[in-house]
Amino acid sequence: MSAAIEQPRLDSGIARQRHGIAQLVAACSIEVSPRDDFAGPRLRELLDPGRTVFVNHPGSVTHHDIVAACARLRRADFNPVPNIAVRRLVSFTQANDFLQRAAAEADVRGALIIGGDLDHPVGPFPDAHDLLASGLVERHGLREVAFAGYPEGHPRIASRALDETLRAKVVLAQQQGLQVSVITQFGFEPAPILRWIAALRAQELTCPVRVGIAGPATVATLAKFAVRCGIGASLRVLARGHTAFARILAEAGPDSLIGALVADEDPRWPIDGLHVFTFGGIRRTAEWIKGY
């Protein structure tokens with residue numbers, strides 16, 4: 001085949017990849033802290049309404065803070081999704097109040113249900129599956145649930161246990177008539193993420209997967225969160241001194257990672273979406289998104 005014929009095909013493939021990347025970034029969800037100044041109407045200064053905004057659940061806040069942030073975001077015409085770290089819930093009553101108020105005050109339609117980073121639960125919910133099994137999610141009319149996925153494993157949970165637990169949660173949620181998705185832990189290397197998605201599909205788990213990525217931040221900030229989250233392979237990328245890759249992450253966002261994910265994805269299992277962890281701040285992430 002002549003180079004004259006091959007070049008247009010190459011150019012067309014690159015154009016399709018660029019279009020795919022732009023679509024993923026434009027539709028990405030982001031994560032905010034409930035006490036952030038932009039967890040409410042001020043977010044409209046940075047991003048157009050309608051975007052899905054996950055409100056995280058660190059140990060320094062209460063469920064009242066999360067509900068209030070969700071309500072502010074809903075009034076500003078964003079789609080708020082509370083993170084529910086079940087190990088932080090002290091009682092069935094608190095869980096019930098959390099979900100009831102989130103639905104009533106913020107018109108919350110879905111939630112990201114995670115275990116949380118405590119070694120031991122402070123109440124009756126050791127795992128996201130336990131909250132789901134309680135029936136509270138159904139009772140308060142939520143229609144969607146998301147669970148966490150760990151392409152590079154979890155620092156305290158064996159890979160096989162992670163796989164079995166995720167399958168159990170997905171199956172139970174689907175039996176309850178809920179729409180299910182998975183949001184992965186952030187990483188810096190495409191290969192572990194794509195292998196994990198392929199393994200998930202091989203198990204016939206076809207729910208949408210939003211790939212977690214780190215928004216623009218300094219290398220020091222990225223390394224800090226990588227250590228905290230135990231993402232070994234990605235941490236090794238930084239530790240090996242891949243300065244060019246690190247510089248892109250620090251100065252312009254995770255464009256190389258997204259490009260590699262799109263370029264190397266299995267066409268049978270394309271990337272469903274992106275979820276941006278705003279480690280470097282909401283403003284910096286918003287500027288990066290609008291750059292597309």
# chains A, B, ... in the order shown; residues from 1 in each chain; ligands from 1
$ residues_around --residues "segment 64-70 of chain A" --least-positions-apart "6" --cutoff "10 Å" --atoms "only C-alpha atoms" --output "ChimeraX atom specification"
/A:32-41,53-58,76,78-84,97-108
$ select_by_dssp --residues "segment 28-275 of chain A" --states "strand (DSSP E)" --output "VMD selection string"
chain A and resid 29 to 32 52 to 55 79 to 85 110 to 114 144 to 149 179 to 184 209 to 214 273 to 275
$ residues_around --residues "Arg87 of chain A" --least-positions-apart "6" --cutoff "12 Å" --atoms "only C-alpha atoms" --output "list of chain:residue names"
A:His57, A:Pro58, A:Gly59, A:Gln94, A:Ala95, A:Ile113, A:Ile114, A:Gly115, A:Gly116, A:Asp117, A:Leu118, A:Asp119, A:His120, A:Pro121, A:Val122, A:Gly123, A:Pro124, A:Phe125, A:Pro126, A:Asp127, A:Ala128, A:His129, A:Asp130, A:Leu131
$ write_last_selection --atoms "C-alpha atoms" --output "PDB file, in the first residue's frame"
ATOM      1  CA  HIS A  57     -16.772  12.081  52.441  1.00  0.00           C
ATOM      2  CA  PRO A  58     -13.529  12.708  54.340  1.00  0.00           C
ATOM      3  CA  GLY A  59     -13.285  12.093  58.057  1.00  0.00           C
ATOM      4  CA  GLN A  94     -27.658   8.081  60.673  1.00  0.00           C
ATOM      5  CA  ALA A  95     -27.569   6.229  57.349  1.00  0.00           C
ATOM      6  CA  ILE A 113     -21.034   3.967  48.048  1.00  0.00           C
ATOM      7  CA  ILE A 114     -17.587   3.088  49.377  1.00  0.00           C
ATOM      8  CA  GLY A 115     -16.182   1.464  52.457  1.00  0.00           C
ATOM      9  CA  GLY A 116     -14.018   4.395  53.488  1.00  0.00           C
ATOM     10  CA  ASP A 117     -10.457   4.335  54.752  1.00  0.00           C
ATOM     11  CA  LEU A 118     -11.113   3.358  58.366  1.00  0.00           C
ATOM     12  CA  ASP A 119      -9.625   0.035  59.455  1.00  0.00           C
ATOM     13  CA  HIS A 120     -12.790  -0.795  61.389  1.00  0.00           C
ATOM     14  CA  PRO A 121     -16.358   0.474  61.004  1.00  0.00           C
ATOM     15  CA  VAL A 122     -17.706   2.786  63.692  1.00  0.00           C
ATOM     16  CA  GLY A 123     -21.217   1.421  63.133  1.00  0.00           C
ATOM     17  CA  PRO A 124     -23.151  -1.427  61.516  1.00  0.00           C
ATOM     18  CA  PHE A 125     -21.775  -1.174  57.948  1.00  0.00           C
ATOM     19  CA  PRO A 126     -18.400  -2.835  57.339  1.00  0.00           C
ATOM     20  CA  ASP A 127     -18.796  -2.653  53.560  1.00  0.00           C
ATOM     21  CA  ALA A 128     -20.806  -0.931  50.834  1.00  0.00           C
ATOM     22  CA  HIS A 129     -22.653  -4.223  50.295  1.00  0.00           C
ATOM     23  CA  ASP A 130     -24.037  -4.000  53.832  1.00  0.00           C
ATOM     24  CA  LEU A 131     -25.602  -0.589  53.248  1.00  0.00           C
TER      25      LEU A 131
END
$ atom_distance --atom1 "atom CA of Gly153 of chain A" --atom2 "atom CA of Pro192 of chain A"
9.7 Å
$ select_by_dssp --residues "segment 65-272 of chain A" --states "alpha helix (DSSP H)" --output "JSON, numbers by chain"
{"A": [65, 66, 67, 68, 69, 70, 71, 72, 73, 74, 75, 92, 93, 94, 95, 96, 97, 98, 99, 100, 101, 102, 103, 104, 105, 106, 128, 129, 130, 131, 132, 133, 136, 137, 138, 139, 159, 160, 161, 162, 163, 164, 165, 166, 167, 168, 169, 170, 171, 172, 173, 174, 175, 190, 191, 192, 193, 194, 195, 196, 197, 198, 199, 200, 201, 202, 219, 220, 221, 222, 223, 224, 225, 226, 227, 228, 229, 232, 233, 234, 235, 236, 237, 238, 239, 243, 244, 245, 246, 247, 248, 249, 250, 251, 252, 255, 256, 257, 258, 259, 260, 261, 262, 263, 264]}
$ residues_around --residues "Glu144 of chain A" --least-positions-apart "2" --cutoff "10 Å" --atoms "only C-alpha atoms" --output "JSON, numbers by chain"
{"A": [81, 108, 109, 110, 111, 112, 137, 138, 141, 142, 146, 173, 174, 177, 178, 179, 180, 181]}
$ write_last_selection --atoms "C-alpha atoms" --output "tab-separated table (two decimals), in the first residue's frame"
chain	number	residue	atom	x	y	z
A	81	VAL	CA	-23.66	12.70	43.83
A	108	VAL	CA	-30.07	13.25	44.84
A	109	ARG	CA	-30.66	10.44	42.38
A	110	GLY	CA	-27.54	8.39	42.94
A	111	ALA	CA	-24.63	7.85	45.29
A	112	LEU	CA	-21.09	6.55	45.28
A	137	VAL	CA	-30.97	3.05	49.09
A	138	GLU	CA	-34.15	1.69	47.54
A	141	GLY	CA	-35.78	6.43	45.82
A	142	LEU	CA	-32.22	6.55	44.58
A	146	ALA	CA	-21.57	3.66	41.87
A	173	ALA	CA	-27.73	-3.52	43.03
A	174	GLN	CA	-29.01	-4.84	39.72
A	177	GLY	CA	-33.36	-2.41	39.97
A	178	LEU	CA	-30.57	0.14	40.35
A	179	GLN	CA	-28.38	1.45	37.55
A	180	VAL	CA	-24.80	0.54	38.40
A	181	SER	CA	-21.47	2.07	37.46
$ atom_distance --atom1 "atom CA of Ser29 of chain A" --atom2 "atom CA of Arg72 of chain A"
17.0 Å
$ closest_residue --among "A:Arg268, A:Arg88, A:Arg44, A:Arg156" --to "Leu194 of chain A" --atoms "only C-alpha atoms"
A:Arg268
$ closest_residue --among "A:Pro190, A:Pro216, A:Arg143, A:Val90" --to "Ala286 of chain A" --atoms "only C-alpha atoms"
A:Pro216
$ atom_distance --atom1 "atom CA of Gln17 of chain A" --atom2 "atom CA of Ala263 of chain A"
6.6 Å
$ closest_residue --among "A:Phe279, A:Lys290, A:Pro49, A:Ala85" --to "Thr218 of chain A" --atoms "only C-alpha atoms"
A:Phe279
